[in-house]
>>> print(open('final01.cif').read())   # mmCIF, C-alpha atoms
data_start
#
loop_
_atom_site.group_PDB
_atom_site.id
_atom_site.type_symbol
_atom_site.label_atom_id
_atom_site.label_comp_id
_atom_site.auth_asym_id
_atom_site.auth_seq_id
_atom_site.Cartn_x
_atom_site.Cartn_y
_atom_site.Cartn_z
ATOM 1 C CA MET A 1 -76.780 -36.475 -15.186
ATOM 2 C CA LYS A 2 -74.647 -33.506 -14.133
ATOM 3 C CA PRO A 3 -71.817 -34.057 -11.595
ATOM 4 C CA THR A 4 -72.375 -32.526 -8.200
ATOM 5 C CA ARG A 5 -70.437 -29.444 -7.145
ATOM 6 C CA GLY A 6 -68.440 -31.444 -4.612
ATOM 7 C CA VAL A 7 -67.266 -33.904 -7.276
ATOM 8 C CA VAL A 8 -66.212 -31.034 -9.576
ATOM 9 C CA THR A 9 -64.256 -29.431 -6.768
ATOM 10 C CA LYS A 10 -62.407 -32.694 -6.029
ATOM 11 C CA GLN A 11 -61.561 -33.133 -9.720
ATOM 12 C CA VAL A 12 -60.209 -29.587 -9.930
ATOM 13 C CA LEU A 13 -58.107 -30.032 -6.795
ATOM 14 C CA LEU A 14 -56.777 -33.351 -8.061
ATOM 15 C CA SER A 15 -55.866 -31.750 -11.394
ATOM 16 C CA ILE A 16 -54.053 -28.902 -9.670
ATOM 17 C CA PHE A 17 -52.206 -31.338 -7.387
ATOM 18 C CA LEU A 18 -51.052 -33.477 -10.318
ATOM 19 C CA SER A 19 -49.916 -30.382 -12.213
ATOM 20 C CA LEU A 20 -47.872 -29.241 -9.236
ATOM 21 C CA LEU A 21 -46.249 -32.671 -8.983
ATOM 22 C CA ILE A 22 -45.258 -32.536 -12.641
ATOM 23 C CA ILE A 23 -43.893 -28.995 -12.327
ATOM 24 C CA TRP A 24 -41.989 -29.918 -9.155
ATOM 25 C CA GLY A 25 -40.535 -33.017 -10.824
ATOM 26 C CA ILE A 26 -39.381 -31.070 -13.856
ATOM 27 C CA GLY A 27 -37.860 -28.407 -11.644
ATOM 28 C CA THR A 28 -36.005 -30.998 -9.582
ATOM 29 C CA ASN A 29 -34.613 -32.758 -12.640
ATOM 30 C CA CYS A 30 -33.461 -29.467 -14.108
ATOM 31 C CA LEU A 31 -31.392 -28.428 -11.098
ATOM 32 C CA ALA A 32 -27.937 -27.407 -12.304
ATOM 33 C CA VAL A 33 -25.299 -29.999 -11.432
ATOM 34 C CA GLU A 34 -21.712 -28.758 -11.597
ATOM 35 C CA THR A 35 -19.277 -31.362 -12.945
ATOM 36 C CA LEU A 36 -15.535 -31.624 -12.340
ATOM 37 C CA VAL A 37 -13.501 -34.026 -14.491
ATOM 38 C CA ILE A 38 -10.057 -35.022 -13.183
ATOM 39 C CA GLU A 39 -7.937 -36.854 -15.783
ATOM 40 C CA GLY A 40 -4.565 -38.526 -15.334
ATOM 41 C CA THR A 41 -2.724 -41.309 -13.512
ATOM 42 C CA GLY A 42 -4.235 -44.664 -12.687
ATOM 43 C CA ASP A 43 -2.327 -44.775 -9.393
ATOM 44 C CA SER A 44 -4.773 -42.483 -7.576
ATOM 45 C CA GLN A 45 -7.766 -43.415 -9.732
ATOM 46 C CA ASP A 46 -9.567 -45.708 -7.263
ATOM 47 C CA LEU A 47 -8.771 -43.528 -4.244
ATOM 48 C CA LEU A 48 -10.114 -40.366 -5.879
ATOM 49 C CA ARG A 49 -13.279 -42.184 -6.943
ATOM 50 C CA ILE A 50 -13.913 -43.118 -3.305
ATOM 51 C CA LEU A 51 -13.175 -39.556 -2.171
ATOM 52 C CA ALA A 52 -15.435 -38.152 -4.895
ATOM 53 C CA LYS A 53 -18.361 -40.276 -3.691
ATOM 54 C CA ALA A 54 -17.784 -39.139 -0.110
ATOM 55 C CA TYR A 55 -17.801 -35.510 -1.242
ATOM 56 C CA GLU A 56 -20.933 -35.923 -3.360
ATOM 57 C CA LYS A 57 -22.927 -37.289 -0.408
ATOM 58 C CA ASN A 58 -22.987 -33.818 1.105
ATOM 59 C CA HIS A 59 -22.995 -31.923 -2.197
ATOM 60 C CA ARG A 60 -25.958 -33.159 -4.239
ATOM 61 C CA ASP A 61 -25.459 -30.411 -6.816
ATOM 62 C CA ALA A 62 -21.930 -31.626 -7.631
ATOM 63 C CA HIS A 63 -20.534 -34.493 -9.703
ATOM 64 C CA ILE A 64 -16.848 -35.423 -9.763
ATOM 65 C CA GLU A 65 -15.776 -37.702 -12.588
ATOM 66 C CA ILE A 66 -12.548 -39.710 -12.419
ATOM 67 C CA PRO A 67 -12.065 -41.305 -15.883
ATOM 68 C CA ASP A 68 -9.859 -44.328 -16.521
ATOM 69 C CA SER A 69 -6.113 -43.753 -16.602
ATOM 70 C CA ILE A 70 -4.306 -41.832 -19.302
ATOM 71 C CA GLY A 71 -1.172 -41.607 -17.147
ATOM 72 C CA THR A 72 0.383 -38.696 -15.280
ATOM 73 C CA THR A 73 1.927 -37.330 -18.478
ATOM 74 C CA GLY A 74 -1.430 -37.453 -20.247
ATOM 75 C CA GLY A 75 -3.211 -35.724 -17.375
ATOM 76 C CA VAL A 76 -0.647 -32.934 -17.243
ATOM 77 C CA LYS A 77 -0.787 -32.450 -21.009
ATOM 78 C CA ILE A 78 -4.559 -32.129 -21.425
ATOM 79 C CA THR A 79 -4.802 -29.899 -18.355
ATOM 80 C CA SER A 80 -2.187 -27.593 -19.868
ATOM 81 C CA GLU A 81 -4.214 -27.564 -23.096
ATOM 82 C CA GLY A 82 -7.365 -26.563 -21.227
ATOM 83 C CA LYS A 83 -9.192 -29.800 -22.099
ATOM 84 C CA CYS A 84 -9.951 -30.460 -18.437
ATOM 85 C CA VAL A 85 -9.924 -28.276 -15.337
ATOM 86 C CA MET A 86 -7.728 -30.561 -13.270
ATOM 87 C CA GLY A 87 -5.267 -33.415 -13.762
ATOM 88 C CA ARG A 88 -4.107 -36.113 -11.351
ATOM 89 C CA THR A 89 -0.435 -37.057 -10.966
ATOM 90 C CA ALA A 90 1.672 -39.671 -9.206
ATOM 91 C CA ARG A 91 4.952 -37.744 -9.409
ATOM 92 C CA LYS A 92 6.237 -34.213 -9.247
ATOM 93 C CA LEU A 93 6.211 -32.109 -12.397
ATOM 94 C CA ARG A 94 9.215 -32.542 -14.656
ATOM 95 C CA ASP A 95 11.287 -29.540 -15.707
ATOM 96 C CA LYS A 96 9.790 -29.447 -19.203
ATOM 97 C CA GLU A 97 6.271 -29.630 -17.716
ATOM 98 C CA LYS A 98 6.913 -26.627 -15.476
ATOM 99 C CA ALA A 99 6.877 -24.523 -18.644
ATOM 100 C CA TYR A 100 3.101 -25.108 -18.789
ATOM 101 C CA ASN A 101 2.770 -22.824 -15.723
ATOM 102 C CA LEU A 102 0.482 -25.243 -13.928
ATOM 103 C CA ASN A 103 -0.277 -25.154 -10.224
ATOM 104 C CA TYR A 104 0.730 -28.378 -8.457
ATOM 105 C CA LYS A 105 -0.456 -29.601 -5.066
ATOM 106 C CA GLU A 106 0.241 -32.909 -3.308
ATOM 107 C CA PHE A 107 -2.496 -34.362 -1.122
ATOM 108 C CA ALA A 108 -1.135 -37.820 -0.189
ATOM 109 C CA TYR A 109 1.822 -40.176 -0.406
ATOM 110 C CA SER A 110 1.400 -43.701 -1.678
ATOM 111 C CA PRO A 111 4.016 -46.309 -0.828
ATOM 112 C CA VAL A 112 5.254 -48.175 -3.895
ATOM 113 C CA VAL A 113 5.178 -51.864 -3.052
ATOM 114 C CA PHE A 114 6.116 -55.196 -4.567
ATOM 115 C CA ILE A 115 3.052 -57.387 -5.000
ATOM 116 C CA ALA A 116 2.768 -61.098 -5.713
ATOM 117 C CA ASN A 117 0.045 -63.665 -6.318
ATOM 118 C CA LEU A 118 1.236 -66.715 -4.407
ATOM 119 C CA TYR A 119 -0.411 -70.006 -3.438
ATOM 120 C CA ASP A 120 0.683 -69.980 0.214
ATOM 121 C CA LYS A 121 1.652 -66.298 0.706
ATOM 122 C CA LYS A 122 5.334 -67.293 0.759
ATOM 123 C CA PRO A 123 7.767 -65.657 0.558
ATOM 124 C CA ASP A 124 6.526 -62.525 2.338
ATOM 125 C CA ASN A 125 9.866 -60.702 2.476
ATOM 126 C CA LEU A 126 12.492 -60.029 -0.192
ATOM 127 C CA SER A 127 15.901 -58.416 0.052
ATOM 128 C CA THR A 128 16.919 -55.668 -2.348
ATOM 129 C CA GLU A 129 19.394 -58.077 -3.947
ATOM 130 C CA GLN A 130 16.676 -60.705 -4.493
ATOM 131 C CA ILE A 131 14.379 -58.126 -6.104
ATOM 132 C CA ILE A 132 17.127 -57.045 -8.495
ATOM 133 C CA ASP A 133 17.801 -60.678 -9.394
ATOM 134 C CA ILE A 134 14.079 -61.350 -10.033
ATOM 135 C CA PHE A 135 13.572 -58.329 -12.261
ATOM 136 C CA SER A 136 16.800 -58.916 -14.165
ATOM 137 C CA GLY A 137 15.876 -62.566 -14.780
ATOM 138 C CA LYS A 138 18.572 -64.193 -12.628
ATOM 139 C CA ILE A 139 16.073 -65.745 -10.206
ATOM 140 C CA THR A 140 13.309 -67.548 -12.061
ATOM 141 C CA SER A 141 11.675 -69.833 -9.470
ATOM 142 C CA TRP A 142 9.844 -69.086 -6.216
ATOM 143 C CA GLU A 143 11.598 -72.111 -4.719
ATOM 144 C CA GLU A 144 14.856 -70.131 -4.670
ATOM 145 C CA LEU A 145 13.122 -67.649 -2.345
ATOM 146 C CA GLY A 146 11.543 -70.115 0.089
ATOM 147 C CA GLY A 147 8.325 -70.599 -1.857
ATOM 148 C CA GLN A 148 6.905 -73.404 -3.963
ATOM 149 C CA ARG A 149 8.593 -74.986 -6.954
ATOM 150 C CA GLN A 150 6.852 -72.656 -9.390
ATOM 151 C CA PRO A 151 8.173 -70.319 -12.096
ATOM 152 C CA ILE A 152 8.202 -66.569 -11.439
ATOM 153 C CA TYR A 153 6.257 -64.451 -13.931
ATOM 154 C CA VAL A 154 7.368 -60.826 -13.836
ATOM 155 C CA VAL A 155 5.106 -57.852 -14.587
ATOM 156 C CA ASN A 156 6.975 -54.637 -15.349
ATOM 157 C CA ARG A 157 6.030 -51.047 -16.132
ATOM 158 C CA GLN A 158 7.101 -48.711 -18.936
ATOM 159 C CA GLU A 159 9.979 -46.242 -18.591
ATOM 160 C CA ASP A 160 7.925 -43.161 -17.665
ATOM 161 C CA ASP A 161 5.770 -44.958 -15.074
ATOM 162 C CA SER A 162 5.612 -43.183 -11.706
ATOM 163 C CA ALA A 163 6.169 -46.288 -9.566
ATOM 164 C CA ARG A 164 9.107 -47.403 -11.700
ATOM 165 C CA ASN A 165 10.637 -43.923 -11.371
ATOM 166 C CA VAL A 166 10.379 -44.171 -7.579
ATOM 167 C CA LEU A 167 12.197 -47.515 -7.578
ATOM 168 C CA GLU A 168 14.896 -46.335 -9.992
ATOM 169 C CA GLN A 169 15.572 -43.289 -7.828
ATOM 170 C CA ASN A 170 15.491 -45.021 -4.437
ATOM 171 C CA MET A 171 16.415 -48.696 -4.806
ATOM 172 C CA ALA A 172 20.097 -49.412 -5.323
ATOM 173 C CA GLY A 173 20.664 -51.339 -8.536
ATOM 174 C CA PHE A 174 17.142 -51.162 -9.975
ATOM 175 C CA LYS A 175 17.994 -48.462 -12.490
ATOM 176 C CA ASP A 176 21.101 -50.401 -13.551
ATOM 177 C CA ILE A 177 19.181 -53.444 -14.805
ATOM 178 C CA LYS A 178 20.046 -53.529 -18.505
ATOM 179 C CA LYS A 179 17.132 -55.695 -19.598
ATOM 180 C CA LEU A 180 14.087 -56.121 -17.392
ATOM 181 C CA ALA A 181 12.482 -59.547 -17.278
ATOM 182 C CA GLY A 182 8.836 -60.305 -17.968
ATOM 183 C CA LYS A 183 5.939 -58.458 -19.547
ATOM 184 C CA THR A 184 5.583 -54.677 -19.744
ATOM 185 C CA VAL A 185 2.165 -53.285 -18.792
ATOM 186 C CA TYR A 186 1.140 -49.681 -19.386
ATOM 187 C CA THR A 187 -1.402 -48.823 -16.663
ATOM 188 C CA THR A 188 -1.639 -49.514 -12.951
ATOM 189 C CA PRO A 189 -5.204 -50.936 -13.069
ATOM 190 C CA LYS A 190 -4.104 -53.375 -15.791
ATOM 191 C CA THR A 191 -1.079 -54.401 -13.711
ATOM 192 C CA ILE A 192 -3.261 -55.211 -10.702
ATOM 193 C CA ASP A 193 -5.721 -57.063 -12.941
ATOM 194 C CA ILE A 194 -2.961 -59.294 -14.360
ATOM 195 C CA LEU A 195 -1.538 -60.008 -10.909
ATOM 196 C CA ASN A 196 -4.999 -60.931 -9.630
ATOM 197 C CA ARG A 197 -5.706 -63.295 -12.521
ATOM 198 C CA TYR A 198 -2.432 -65.209 -12.715
ATOM 199 C CA LYS A 199 -0.679 -67.176 -9.996
ATOM 200 C CA ASN A 200 3.091 -66.893 -9.405
ATOM 201 C CA THR A 201 3.209 -63.351 -10.775
ATOM 202 C CA ILE A 202 5.111 -60.443 -9.212
ATOM 203 C CA GLY A 203 4.947 -56.747 -9.984
ATOM 204 C CA TYR A 204 4.960 -53.364 -8.298
ATOM 205 C CA GLY A 205 2.680 -50.370 -7.899
ATOM 206 C CA PRO A 206 0.997 -48.054 -5.412
ATOM 207 C CA TYR A 207 -0.072 -49.664 -2.153
ATOM 208 C CA SER A 208 -3.466 -47.939 -2.446
ATOM 209 C CA MET A 209 -4.329 -50.168 -5.416
ATOM 210 C CA THR A 210 -3.672 -53.374 -3.453
ATOM 211 C CA VAL A 211 -6.140 -52.770 -0.598
ATOM 212 C CA ASN A 212 -8.611 -55.681 -0.398
ATOM 213 C CA SER A 213 -7.040 -57.243 -3.497
ATOM 214 C CA GLY A 214 -5.989 -60.477 -1.782
ATOM 215 C CA LEU A 215 -2.494 -60.108 -3.207
ATOM 216 C CA THR A 216 0.612 -60.483 -1.047
ATOM 217 C CA VAL A 217 2.333 -57.171 -0.310
ATOM 218 C CA LEU A 218 5.974 -58.111 0.177
ATOM 219 C CA LYS A 219 8.252 -56.608 2.777
ATOM 220 C CA VAL A 220 11.474 -55.162 1.397
ATOM 221 C CA ASP A 221 14.542 -55.839 3.548
ATOM 222 C CA GLY A 222 12.129 -56.580 6.402
ATOM 223 C CA LEU A 223 10.243 -53.309 6.084
ATOM 224 C CA TYR A 224 6.483 -53.060 5.525
ATOM 225 C CA PRO A 225 4.946 -49.736 4.334
ATOM 226 C CA SER A 226 3.294 -48.812 7.631
ATOM 227 C CA ILE A 227 2.066 -45.246 8.186
ATOM 228 C CA LYS A 228 4.758 -44.776 10.836
ATOM 229 C CA ASP A 229 7.600 -45.902 8.559
ATOM 230 C CA VAL A 230 6.275 -43.874 5.615
ATOM 231 C CA GLN A 231 5.919 -40.698 7.670
ATOM 232 C CA SER A 232 9.358 -41.111 9.227
ATOM 233 C CA GLY A 233 10.978 -41.776 5.853
ATOM 234 C CA THR A 234 12.194 -45.226 6.935
ATOM 235 C CA TYR A 235 10.237 -46.751 4.070
ATOM 236 C CA LYS A 236 11.747 -44.891 1.129
ATOM 237 C CA PHE A 237 9.656 -45.991 -1.847
ATOM 238 C CA MET A 238 6.874 -43.423 -2.054
ATOM 239 C CA ALA A 239 4.964 -41.775 -4.901
ATOM 240 C CA PRO A 240 3.312 -38.400 -4.288
ATOM 241 C CA PHE A 241 -0.344 -38.146 -5.281
ATOM 242 C CA GLY A 242 -0.993 -34.664 -6.626
ATOM 243 C CA LEU A 243 -3.327 -32.471 -8.650
ATOM 244 C CA VAL A 244 -2.520 -29.873 -11.309
ATOM 245 C CA TRP A 245 -4.545 -26.981 -12.715
ATOM 246 C CA LYS A 246 -4.198 -23.688 -14.547
ATOM 247 C CA GLY A 247 -4.876 -20.298 -12.998
ATOM 248 C CA GLU A 248 -6.882 -19.804 -9.824
ATOM 249 C CA LEU A 249 -9.201 -22.501 -8.530
ATOM 250 C CA THR A 250 -12.843 -21.542 -8.069
ATOM 251 C CA GLY A 251 -16.185 -23.208 -7.422
ATOM 252 C CA LEU A 252 -16.359 -26.981 -7.240
ATOM 253 C CA ALA A 253 -12.670 -27.497 -8.076
ATOM 254 C CA LYS A 254 -11.526 -25.333 -5.154
ATOM 255 C CA ASP A 255 -14.068 -26.847 -2.769
ATOM 256 C CA PHE A 256 -13.012 -30.402 -3.634
ATOM 257 C CA VAL A 257 -9.317 -29.638 -3.137
ATOM 258 C CA ASP A 258 -10.155 -28.102 0.253
ATOM 259 C CA PHE A 259 -12.138 -31.259 1.080
ATOM 260 C CA LEU A 260 -9.029 -33.411 0.522
ATOM 261 C CA PHE A 261 -7.413 -31.740 3.535
ATOM 262 C CA THR A 262 -10.298 -32.343 5.925
ATOM 263 C CA LYS A 263 -10.217 -35.010 8.611
ATOM 264 C CA GLU A 264 -12.983 -36.958 6.854
ATOM 265 C CA ALA A 265 -11.068 -37.198 3.573
ATOM 266 C CA GLN A 266 -7.757 -38.000 5.189
ATOM 267 C CA THR A 267 -9.307 -40.766 7.270
ATOM 268 C CA ILE A 268 -10.516 -42.266 3.983
ATOM 269 C CA MET A 269 -6.990 -41.965 2.554
ATOM 270 C CA ILE A 270 -5.451 -43.867 5.472
ATOM 271 C CA LYS A 271 -8.121 -46.569 5.234
ATOM 272 C CA ASN A 272 -7.252 -47.004 1.558
ATOM 273 C CA GLY A 273 -3.497 -47.348 1.908
ATOM 274 C CA THR A 274 -2.224 -43.796 1.498
ATOM 275 C CA VAL A 275 -0.660 -41.326 3.895
ATOM 276 C CA PRO A 276 -2.146 -37.809 3.918
ATOM 277 C CA VAL A 277 0.254 -34.944 3.346
ATOM 278 C CA LYS A 278 -0.930 -33.134 6.464
ATOM 279 C CA MET A 279 -3.741 -33.627 8.912
ATOM 280 C CA GLN A 280 -5.626 -30.436 9.828
#
>>> encode(input="final01.cif", output="structure tokens")
Amino acid sequence: MKPTRGVVTKQVLLSIFLSLLIIWGIGTNCLAVETLVIEGTGDSQDLLRILAKAYEKNHRDAHIEIPDSIGTTGGVKITSEGKCVMGRTARKLRDKEKAYNLNYKEFAYSPVVFIANLYDKKPDNLSTEQIIDIFSGKITSWEELGGQRQPIYVVNRQEDDSARNVLEQNMAGFKDIKKLAGKTVYTTPKTIDILNRYKNTIGYGPYSMTVNSGLTVLKVDGLYPSIKDVQSGTYKFMAPFGLVWKGELTGLAKDFVDFLFTKEAQTIMIKNGTVPVKMQ
């Protein structure tokens, strides 16, 4: 029995419709997506991942990748070698790095803070002298500082770490410690991970990495890293978050840098424990 003309017509239309769906699907999947990889410090790693997601919401043809930390020095080096378009830093360029002829732009300041994992959140304030004594190994129990009778486990950073540099340059006596106590850790994410996992530990790092961590951010000489005190310079321990690149920025890289100076991006920065360089 031959199919009626109406049935044939429906089959043809259905076939055409399905073909169009397939073609449309292939076309959609093949849309060019521009990718920007920003390598470097772990200090701004989490913040830039949040900012990247916010940017991508309104730019579906863009993908911004923030790989795990290779440090500021590593980010500067591979950017200078042309292995990535942009690097992320948590300090200004050193004199020897300026020879790479990289462009450098700061977008935020992150207070460097002392962080502890304590049973009862005490103590919540340390003097400069107490900090020096902890990190030099003279004070070894939280009881000496008004806390519980528990040993202090110190987490330190390596010599070229950005946060350590800030403390050595701005905290009297920190640079003069001949032998630092405790364990040396080589990335900021690892430092925060250790502090989260082990009680009675103390370390330091960018305030932006402590947001929602549950760790105790300690006052230093009674000062807390509020936006007001950071902007006024009253709180002196600050690391600049910056980006480096070669030549002139174009395309996605330029657009993302411009985005960092919008009100939307800078509101995100404040919410995540950093102070924007300048609000537009």
>>> resolve_selection(input="final01.cif", expression="the PyMOL selection byres ((chain A and resi 162) around 7)", output="PDB file with C-alpha atoms, in the frame of the given file")
ATOM      1  CA  ALA A  90       1.672 -39.671  -9.206  1.00  0.00           C
ATOM      2  CA  ARG A  91       4.952 -37.744  -9.409  1.00  0.00           C
ATOM      3  CA  ASP A 160       7.925 -43.161 -17.665  1.00  0.00           C
ATOM      4  CA  ASP A 161       5.770 -44.958 -15.074  1.00  0.00           C
ATOM      5  CA  ALA A 163       6.169 -46.288  -9.566  1.00  0.00           C
ATOM      6  CA  ARG A 164       9.107 -47.403 -11.700  1.00  0.00           C
ATOM      7  CA  ASN A 165      10.637 -43.923 -11.371  1.00  0.00           C
ATOM      8  CA  VAL A 166      10.379 -44.171  -7.579  1.00  0.00           C
ATOM      9  CA  ALA A 239       4.964 -41.775  -4.901  1.00  0.00           C
TER      10      ALA A 239
END
>>> residues_around(input="final01.cif", residues="Tyr55 in chain A", least_positions_apart="2", cutoff="10 Å", atoms="all atoms listed in the file", output="PyMOL selection string")
chain A and resi 49-53+57-60+62-64+255-256+259-260+264-265
>>> write_last_selection(input="final01.cif", atoms="C-alpha atoms", output="short mmCIF file (atom, residue, chain, number, x, y, z; two decimals), keeping the file's coordinate frame")
data_model
loop_
_atom_site.label_atom_id
_atom_site.label_comp_id
_atom_site.auth_asym_id
_atom_site.auth_seq_id
_atom_site.Cartn_x
_atom_site.Cartn_y
_atom_site.Cartn_z
CA ARG A 49 -13.28 -42.18 -6.94
CA ILE A 50 -13.91 -43.12 -3.30
CA LEU A 51 -13.18 -39.56 -2.17
CA ALA A 52 -15.44 -38.15 -4.89
CA LYS A 53 -18.36 -40.28 -3.69
CA LYS A 57 -22.93 -37.29 -0.41
CA ASN A 58 -22.99 -33.82 1.10
CA HIS A 59 -23.00 -31.92 -2.20
CA ARG A 60 -25.96 -33.16 -4.24
CA ALA A 62 -21.93 -31.63 -7.63
CA HIS A 63 -20.53 -34.49 -9.70
CA ILE A 64 -16.85 -35.42 -9.76
CA ASP A 255 -14.07 -26.85 -2.77
CA PHE A 256 -13.01 -30.40 -3.63
CA PHE A 259 -12.14 -31.26 1.08
CA LEU A 260 -9.03 -33.41 0.52
CA GLU A 264 -12.98 -36.96 6.85
CA ALA A 265 -11.07 -37.20 3.57
#
>>> closest_residue(input="final01.cif", among="A:Lys138, A:Lys77, A:Lys219, A:Lys254", to="Arg94 in chain A", atoms="all atoms listed in the file")
A:Lys77
>>> residues_around(input="final01.cif", residues="range 150-158 of chain A", least_positions_apart="3", cutoff="9 Å", atoms="all atoms listed in the file", output="PyMOL selection string")
chain A and resi 134-135+137+139-143+147+161+163-164+180-188+191+194-195+198-205
>>> atom_distance(input="final01.cif", atom1="CA of Val113 in chain A", atom2="CA of Thr89 in chain A")
17.7 Å
>>> resolve_selection(input="final01.cif", expression="the PyMOL selection byres ((chain A and resi 105) around 6)", output="PyMOL selection string")
chain A and resi 104+106+242-243
>>> residues_near_point(input="final01.cif", point="(3.0, -26.9, -23.4)", cutoff="8 Å", atoms="all atoms listed in the file", output="PDB file with C-alpha atoms, in the coordinates of the input")
ATOM      1  CA  LYS A  77      -0.787 -32.450 -21.009  1.00  0.00           C
ATOM      2  CA  SER A  80      -2.187 -27.593 -19.868  1.00  0.00           C
ATOM      3  CA  GLU A  81      -4.214 -27.564 -23.096  1.00  0.00           C
ATOM      4  CA  GLU A  97       6.271 -29.630 -17.716  1.00  0.00           C
ATOM      5  CA  ALA A  99       6.877 -24.523 -18.644  1.00  0.00           C
ATOM      6  CA  TYR A 100       3.101 -25.108 -18.789  1.00  0.00           C
TER       7      TYR A 100
END
>>> atom_distance(input="final01.cif", atom1="CA of Pro206 in chain A", atom2="CA of Asp43 in chain A")
6.1 Å
>>> atom_distance(input="final01.cif", atom1="CA of Ser213 in chain A", atom2="CA of Asp124 in chain A")
15.7 Å
>>> resolve_selection(input="final01.cif", expression="the PyMOL selection byres ((chain A and resi 41) around 6)", output="list in words")
Gly40, Gly42, Asp43, Ser69, Gly71, Thr72, Arg88 and Thr89 of chain A
>>> closest_residue(input="final01.cif", among="A:Leu102, A:Ile132, A:Ala116, A:Val244", to="Val217 in chain A", atoms="all atoms listed in the file")
A:Ala116
>>> closest_residue(input="final01.cif", among="A:Pro67, A:Gly146, A:Pro123, A:Gly74", to="Thr216 in chain A", atoms="all atoms listed in the file")
A:Pro123
>>> residues_around(input="final01.cif", residues="Thr250 in chain A", least_positions_apart="6", cutoff="12 Å", atoms="only C-alpha atoms", output="list in words")
Glu34, Leu36, Val85, Met86, Phe256, Val257 and Asp258 of chain A
>>> residues_around(input="final01.cif", residues="Asp221 in chain A", least_positions_apart="5", cutoff="10 Å", atoms="only C-alpha atoms", output="MDAnalysis selection string")
chainID A and resid 125:131
>>> axis_aligned_box(input="final01.cif", around="range 59-65 of chain A", padding_each_side="5 Å", output="AutoDock Vina command-line options")
--center_x -20.9 --center_y -34.1 --center_z -7.4 --size_x 20.2 --size_y 17.3 --size_z 20.4
>>> closest_residue(input="final01.cif", among="A:Asn103, A:Thr79, A:Thr73, A:Ser226", to="Ile270 in chain A", atoms="all atoms listed in the file")
A:Ser226
>>> closest_residue(input="final01.cif", among="A:Gly247, A:Arg197, A:Val277, A:Arg149", to="Asp120 in chain A", atoms="only C-alpha atoms")
A:Arg149
>>> decode(input="final01.cif", residues="range 66-80 of chain A", atoms="N, CA and C atoms", output="compact mmCIF listing (two decimals), in the first residue's frame")
# COMPACT_ATOMS: atom_id res chain seq x y z
N ILE A 66 42.66 30.46 34.89
CA ILE A 66 43.59 30.85 35.95
C ILE A 66 44.18 29.56 36.53
N PRO A 67 45.31 29.09 36.01
CA PRO A 67 45.90 27.82 36.49
C PRO A 67 46.41 27.94 37.92
N ASP A 68 46.70 26.80 38.53
CA ASP A 68 47.27 26.79 39.87
C ASP A 68 48.61 27.53 39.91
N SER A 69 48.97 27.96 41.09
CA SER A 69 50.13 28.84 41.28
C SER A 69 51.45 28.27 40.78
N ILE A 70 52.21 29.15 40.12
CA ILE A 70 53.63 28.88 39.86
C ILE A 70 54.46 30.04 40.43
N GLY A 71 53.81 30.87 41.24
CA GLY A 71 54.49 31.99 41.88
C GLY A 71 54.61 33.21 40.98
N THR A 72 54.81 34.36 41.61
CA THR A 72 54.99 35.60 40.84
C THR A 72 56.18 35.50 39.90
N THR A 73 57.29 35.00 40.42
CA THR A 73 58.50 34.87 39.59
C THR A 73 58.25 33.99 38.38
N GLY A 74 57.56 32.88 38.58
CA GLY A 74 57.24 31.98 37.48
C GLY A 74 56.34 32.62 36.45
N GLY A 75 55.34 33.38 36.92
CA GLY A 75 54.42 34.05 36.00
C GLY A 75 55.12 35.10 35.16
N VAL A 76 56.01 35.86 35.79
CA VAL A 76 56.77 36.88 35.07
C VAL A 76 57.68 36.23 34.03
N LYS A 77 58.31 35.15 34.41
CA LYS A 77 59.27 34.48 33.52
C LYS A 77 58.59 33.93 32.26
N ILE A 78 57.50 33.18 32.42
CA ILE A 78 56.90 32.57 31.23
C ILE A 78 56.17 33.59 30.37
N THR A 79 55.75 34.70 30.98
CA THR A 79 55.16 35.78 30.18
C THR A 79 56.25 36.43 29.33
N SER A 80 57.41 36.63 29.93
CA SER A 80 58.53 37.24 29.19
C SER A 80 59.00 36.34 28.06
